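Enquirer: Below you will find the structure I want to go over with you.
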Amino acid sequence: EHHSGVDDCKNLVRICSKMLEDGWTPVATTSKGIKFNSLERSINKPSQTKSIVQANQKDPTENRRDKTVYLIRHGQSVGNATNTFGGADRNTSDHLIDCGLTETGRNQALDIAKFFTDVTIDLVVSSPMTRALNTAVLGFPNYDILVHYNLREFGCRIPENVPRPMNEVLKDIHADVQAREKHEVTIDLTSLQPKRWPNPHSSISRKDEVRNAFQWLYTNRQEQTIVVVCHYNVIRSLLSDNLGRCSIKPKNGIPICCLLKADGNLVTVE
């Protein structure tokens, strides 16, 4: 069957197009036209192209604005004082179940405001534990408070770390909550309350729950400056390195300023 020169040219174009799609790169031309070098059709070409594309793809978290977070360990609790002054057995006493603040702890909470005289706070978040929520109520009387249940203390099942129904917590701090009414502020207990509280079930570790809480604060909240009132082990888990080491020992009622990154990690501000 006879083929014209036009047909030959069309076939050559199709062949070259297919070779280019496969990663072939033509080398320098010579007096006899394009020099076809089979070695230029390297099997590494596609992976090289892929690596270039990956290098040019930006991390979705890159250049997203950091948020400012102030981590605050609650004021001194009755459980904390037990270590110092003796009395009830901190490991077993039912009297210490989700215990509240000592008088020293109340004063520490009231003193928190002095750290924020030049700071505009957008959001106050608290653990649901009595000692943390009472600290937030006393320390930030003019602010709405959002309770995030993932921020409760962990590490050991001593009585003070056992959560209670929130109506019992509010009963114990009723006078301090009532004193806020003149400011027309609220405490949001329900938006994030897990099912079966105070005995929630989770398929992930408590450390991961804490991390998720801060990822949620970055992704789901618009506020840029956030105060979080929580606990010793919660704070140390957030600020630990990849090996779980943390040199910071949070003090009662003393804010730790951090930057909250888009990936949910926190970096302390010196």
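Residue numbers start at 1 in each chain; chains themselves are named A, B, ... in the order of the structure tokens; ligands are numbered from 1 in the order shown.
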Applying 9 Å and only C-alpha atoms, which residues near Glu184 (chain A) remain after dropping the ones on its own chain fewer than 4 positions away? List them as a list in words.
Expert: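 Using only C-alpha atoms, the neighbours found are Asn142, Tyr143, Asp144 and Arg180 of chain A.
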Enquirer: Mind checking DSSP for region 89-259 of chain A and telling me the strand (DSSP E) residues as a PyMOL selection string?
Expert: chain A and resi 123-126+145-147+187-188+225-230+255-259
Enquirer: Could you check the closest approach to Lys182 (chain A) for each of A:Pro141, A:Lys251, A:Val69, A:His148 and tell me which residue wins, using only C-alpha atoms?
Expert: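 Checking each of A:Pro141, A:Lys251, A:Val69, A:His148 against Lys182 (chain A), counting only C-alpha atoms, the winner is A:Pro141.
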Enquirer: Which of region 34-247 of chain A end up as alpha helix (DSSP H) when DSSP is run on this backbone - answer as a count of residues only?
Expert: 73
Enquirer: Take CA of Ala132 (chain A) and CA of Val229 (chain A) and report the distance between them in Å, one decimal.
Expert: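 For CA of Ala132 (chain A) relative to CA of Val229 (chain A), the distance reads 5.9 Å.
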Enquirer: Give me the residues within 8 Å of Gly253 (chain A) as a PyMOL selection string, counting only C-alpha atoms and dropping any in the same chain fewer than 4 places off.
Expert: chain A and resi 72-76+105+108-109+111-112
Enquirer: Closest to Leu238 (chain A) among A:Val169, A:Asp122, A:Ile226, A:Leu71, using only C-alpha atoms?
Expert: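 Once distances to Leu238 (chain A) are computed over only C-alpha atoms, the minimum belongs to A:Leu71.
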Enquirer: Name the closest residue to Arg152 (chain A) among the candidates A:Leu123, A:Leu110, A:Cys230, A:Leu217; distances are taken between atoms, counting only C-alpha atoms.
Expert: A:Cys230
Enquirer: Arg245 (chain A): which residues within 12 Å, counting only C-alpha atoms, same-chain residues fewer than 5 positions away excluded, as a ChimeraX atom specification?
Expert: /A:233,236-240
Enquirer: Please determine, counting only C-alpha atoms, which residue among A:Thr68, A:Thr186, A:Ser247, A:Asn80 has the shortest atom-to-atom distance to Asn265 (chain A).
Expert: A:Thr68
